[in-house]
$ cat input_31.txt   # compact mmCIF, C-alpha atoms
# COMPACT_ATOMS: atom_id res chain seq x y z
CA MET L 1 18.20 -0.58 8.05
CA ILE L 2 15.18 1.71 8.38
CA PRO L 3 15.11 3.36 11.81
CA ILE L 4 11.72 4.44 13.18
CA LYS L 5 11.09 6.05 16.54
CA ALA L 6 7.56 6.05 18.00
CA GLU L 7 6.23 8.10 20.88
CA TRP L 8 3.08 7.37 22.89
CA ARG L 9 0.64 10.30 22.97
CA GLY L 10 -1.94 8.84 25.33
CA GLY L 11 -4.74 6.34 24.88
CA LYS L 12 -3.75 4.18 21.93
CA HIS L 13 -2.26 7.04 19.92
CA PHE L 14 1.37 6.74 18.81
CA VAL L 15 3.36 9.01 16.52
CA ALA L 16 6.21 7.47 14.57
CA HIS L 17 9.07 9.45 13.02
CA ASN L 18 11.42 8.33 10.31
CA MET L 19 14.99 9.54 9.67
CA GLU L 20 13.68 12.69 7.99
CA ASN L 21 11.40 13.32 11.01
CA ALA L 22 8.21 12.80 9.00
CA GLU L 23 5.28 11.92 11.24
CA ILE L 24 2.99 8.93 10.86
CA HIS L 25 0.07 8.77 13.30
CA PHE L 26 -1.30 5.46 14.54
CA ASP L 27 -4.37 4.75 16.64
CA ALA L 28 -6.62 1.82 17.42
CA ARG L 29 -10.11 1.50 16.04
CA ILE L 30 -12.80 2.90 18.32
CA LYS L 31 -13.74 -0.52 19.77
CA GLY L 32 -10.09 -0.97 20.80
CA GLY L 33 -10.00 2.21 22.85
CA GLY L 34 -8.83 4.58 20.12
CA THR L 35 -10.42 7.62 18.55
CA GLY L 36 -10.88 6.15 15.09
CA THR L 37 -9.55 9.38 13.57
CA ARG L 38 -6.12 8.02 12.59
CA GLY L 39 -5.10 4.87 10.78
CA ASN L 40 -4.35 1.83 12.86
CA PRO L 41 -1.23 -0.22 12.04
CA LEU L 42 -3.16 -2.55 9.73
CA ASP L 43 -4.66 0.40 7.80
CA HIS L 44 -1.14 1.69 7.25
CA LEU L 45 0.10 -1.74 6.13
CA VAL L 46 -2.71 -2.12 3.57
CA ALA L 47 -2.11 1.42 2.31
CA ALA L 48 1.66 0.85 2.16
CA SER L 49 1.26 -2.27 0.02
CA GLY L 50 -0.74 -0.40 -2.60
CA ILE L 51 1.28 2.80 -2.50
CA CYS L 52 4.60 0.96 -2.71
CA SER L 53 3.40 -0.83 -5.81
CA ALA L 54 1.89 2.34 -7.31
CA MET L 55 5.22 4.17 -6.90
CA ASP L 56 6.93 1.34 -8.79
CA VAL L 57 4.30 1.46 -11.52
CA VAL L 58 4.83 5.21 -11.98
CA ASP L 59 8.60 4.70 -12.32
CA ILE L 60 8.22 1.82 -14.77
CA LEU L 61 5.59 3.57 -16.92
CA GLU L 62 7.75 6.70 -17.09
CA LYS L 63 10.67 4.58 -18.35
CA MET L 64 8.29 3.02 -20.91
CA ARG L 65 7.29 6.54 -21.99
CA GLN L 66 3.67 6.01 -21.02
CA PRO L 67 2.05 9.37 -20.17
CA ILE L 68 0.10 9.33 -16.91
CA ASP L 69 -2.61 11.97 -16.51
CA THR L 70 -4.27 10.57 -13.38
CA PHE L 71 -3.51 7.61 -11.13
CA GLU L 72 -5.48 6.32 -8.16
CA ILE L 73 -5.35 3.10 -6.25
CA GLU L 74 -7.95 1.33 -4.15
CA VAL L 75 -6.63 -1.33 -1.78
CA GLU L 76 -8.56 -3.92 0.23
CA GLY L 77 -7.02 -6.31 2.73
CA GLU L 78 -8.64 -9.52 3.93
CA GLN L 79 -7.54 -11.08 7.22
CA ARG L 80 -7.90 -14.46 8.87
CA GLU L 81 -10.67 -14.74 11.44
CA GLU L 82 -8.46 -16.33 14.10
CA TYR L 83 -5.35 -14.91 15.74
CA PRO L 84 -2.85 -14.02 14.56
CA ARG L 85 -5.07 -12.14 12.07
CA TYR L 86 -2.55 -11.81 9.28
CA PHE L 87 -3.62 -10.85 5.78
CA THR L 88 -4.65 -13.68 3.49
CA SER L 89 -5.16 -11.43 0.50
CA ILE L 90 -4.62 -7.87 -0.66
CA LYS L 91 -6.50 -6.55 -3.69
CA ILE L 92 -5.04 -3.54 -5.46
CA ARG L 93 -7.10 -1.71 -8.07
CA TYR L 94 -4.94 0.52 -10.28
CA ILE L 95 -7.04 3.26 -11.91
CA LEU L 96 -5.13 5.21 -14.54
CA SER L 97 -5.77 7.61 -17.35
CA GLY L 98 -3.40 8.83 -20.02
CA GLU L 99 -3.50 9.63 -23.69
CA GLY L 100 -2.49 6.57 -25.74
CA PHE L 101 -1.89 4.11 -22.89
CA ASP L 102 -0.68 0.71 -24.04
CA ARG L 103 -2.56 -1.75 -21.78
CA ALA L 104 0.14 -4.40 -22.19
CA LYS L 105 2.74 -1.98 -20.83
CA VAL L 106 0.56 -1.11 -17.84
CA GLU L 107 0.04 -4.82 -17.13
CA ARG L 108 3.81 -5.39 -17.41
CA ALA L 109 4.51 -2.52 -15.00
CA VAL L 110 2.07 -3.92 -12.43
CA LYS L 111 3.53 -7.41 -12.78
CA LEU L 112 7.10 -6.16 -12.37
CA SER L 113 6.11 -4.19 -9.30
CA GLN L 114 4.30 -7.06 -7.62
CA GLU L 115 6.78 -9.79 -8.51
CA LYS L 116 10.12 -7.98 -8.38
CA TYR L 117 10.24 -4.48 -6.91
CA CYS L 118 7.63 -3.87 -4.18
CA SER L 119 9.26 -4.73 -0.85
CA VAL L 120 6.03 -4.31 1.12
CA ILE L 121 4.16 -6.86 -0.99
CA ASP L 122 7.09 -9.25 -0.86
CA THR L 123 7.19 -8.93 2.94
CA LEU L 124 3.56 -10.10 3.13
CA ARG L 125 4.20 -13.27 1.14
CA PRO L 126 3.83 -16.25 1.02
CA GLU L 127 0.69 -16.27 3.20
CA CYS L 128 -0.86 -13.26 1.46
CA LYS L 129 -2.20 -13.54 -2.08
CA VAL L 130 -2.00 -10.32 -4.10
CA ILE L 131 -4.82 -9.69 -6.54
CA SER L 132 -4.62 -6.87 -9.05
CA GLU L 133 -7.14 -5.15 -11.24
CA ILE L 134 -6.26 -2.54 -13.83
CA VAL L 135 -8.76 0.09 -14.91
CA ILE L 136 -7.75 2.43 -17.74
CA LYS L 137 -10.02 5.41 -18.21
$ encode --input "input_31.txt" --output "structure tokens"
Amino acid sequence: MIPIKAEWRGGKHFVAHNMENAEIHFDARIKGGGTGTRGNPLDHLVAASGICSAMDVVDILEKMRQPIDTFEIEVEGEQREEYPRYFTSIKIRYILSGEGFDRAKVERAVKLSQEKYCSVIDTLRPECKVISEIVIK
């Protein structure tokens, strides 16, 4: 069980706290009465899907002895037009650099993350297709 407590801060601003008391700020987009300065719940969900997978990829590549110099992700979520506007696809672009990367090992790490380890991605399935792109610099 993952306990989260959220407190309303006025308008559409909420602050959630986890067990370690880390804060996560949520707000609505400007058209929904928010300030637009904090992520809305869907922004956080899209980010979480990519970051969860990226954390897995780091762990797997370290076990494969693949040296990571830099690692960035870019994540895009596409939603249905009608309500409920759940995600129909998430695209994760993994951008890595490292001396002597073996592309096959990077591809294997991404596949393992998306098909076996990433709980956020698995939670979005089966309605949400996950698309990945790997860029090695």
$ atom_distance --input "input_31.txt" --atom1 "CA of Phe71 (chain L)" --atom2 "CA of Ile136 (chain L)"
9.4 Å
$ residues_near_point --input "input_31.txt" --point "(-9.2, -6.9, -11.1)" --cutoff "12 Å" --atoms "only C-alpha atoms" --output "MDAnalysis selection string"
chainID L and resid 73:76 90:95 107 110 130:136
$ atom_distance --input "input_31.txt" --atom1 "CA of Lys63 (chain L)" --atom2 "CA of Lys137 (chain L)"
20.7 Å
$ closest_residue --input "input_31.txt" --among "L:Asp69, L:Cys118, L:Ile4, L:Gly11" --to "Glu23 (chain L)" --atoms "only C-alpha atoms"
L:Ile4
$ closest_residue --input "input_31.txt" --among "L:Ala28, L:Lys105, L:Pro84, L:Ala22" --to "Gly10 (chain L)" --atoms "only C-alpha atoms"
L:Ala28
$ atom_distance --input "input_31.txt" --atom1 "CA of Gln66 (chain L)" --atom2 "CA of Lys129 (chain L)"
27.8 Å
$ closest_atom_pairs --input "input_31.txt" --of "region 97-117 of chain L" --to "region 48-53 of chain L" --cutoff "12 Å" --atoms "only C-alpha atoms" --output "Markdown table"
| residue | atom | partner | partner_atom | distance |
| --- | --- | --- | --- | --- |
| L:Ala109 | CA | L:Ser53 | CA | 9.4 |
| L:Val110 | CA | L:Ser53 | CA | 7.4 |
| L:Lys111 | CA | L:Ser53 | CA | 9.6 |
| L:Leu112 | CA | L:Ser53 | CA | 9.2 |
| L:Ser113 | CA | L:Ser53 | CA | 5.6 |
| L:Gln114 | CA | L:Ser53 | CA | 6.5 |
| L:Glu115 | CA | L:Ser53 | CA | 9.9 |
| L:Lys116 | CA | L:Ser53 | CA | 10.1 |
| L:Tyr117 | CA | L:Ser53 | CA | 7.8 |
$ axis_aligned_box --input "input_31.txt" --around "region 60-63 of chain L" --padding-each-side "4 Å" --output "AutoDock Vina command-line options"
--center_x 8.1 --center_y 4.3 --center_z -16.6 --size_x 13.1 --size_y 12.9 --size_z 11.6
$ closest_residue --input "input_31.txt" --among "L:Phe26, L:Arg9, L:Pro3, L:Tyr86" --to "Thr123 (chain L)" --atoms "all atoms listed in the file"
L:Tyr86
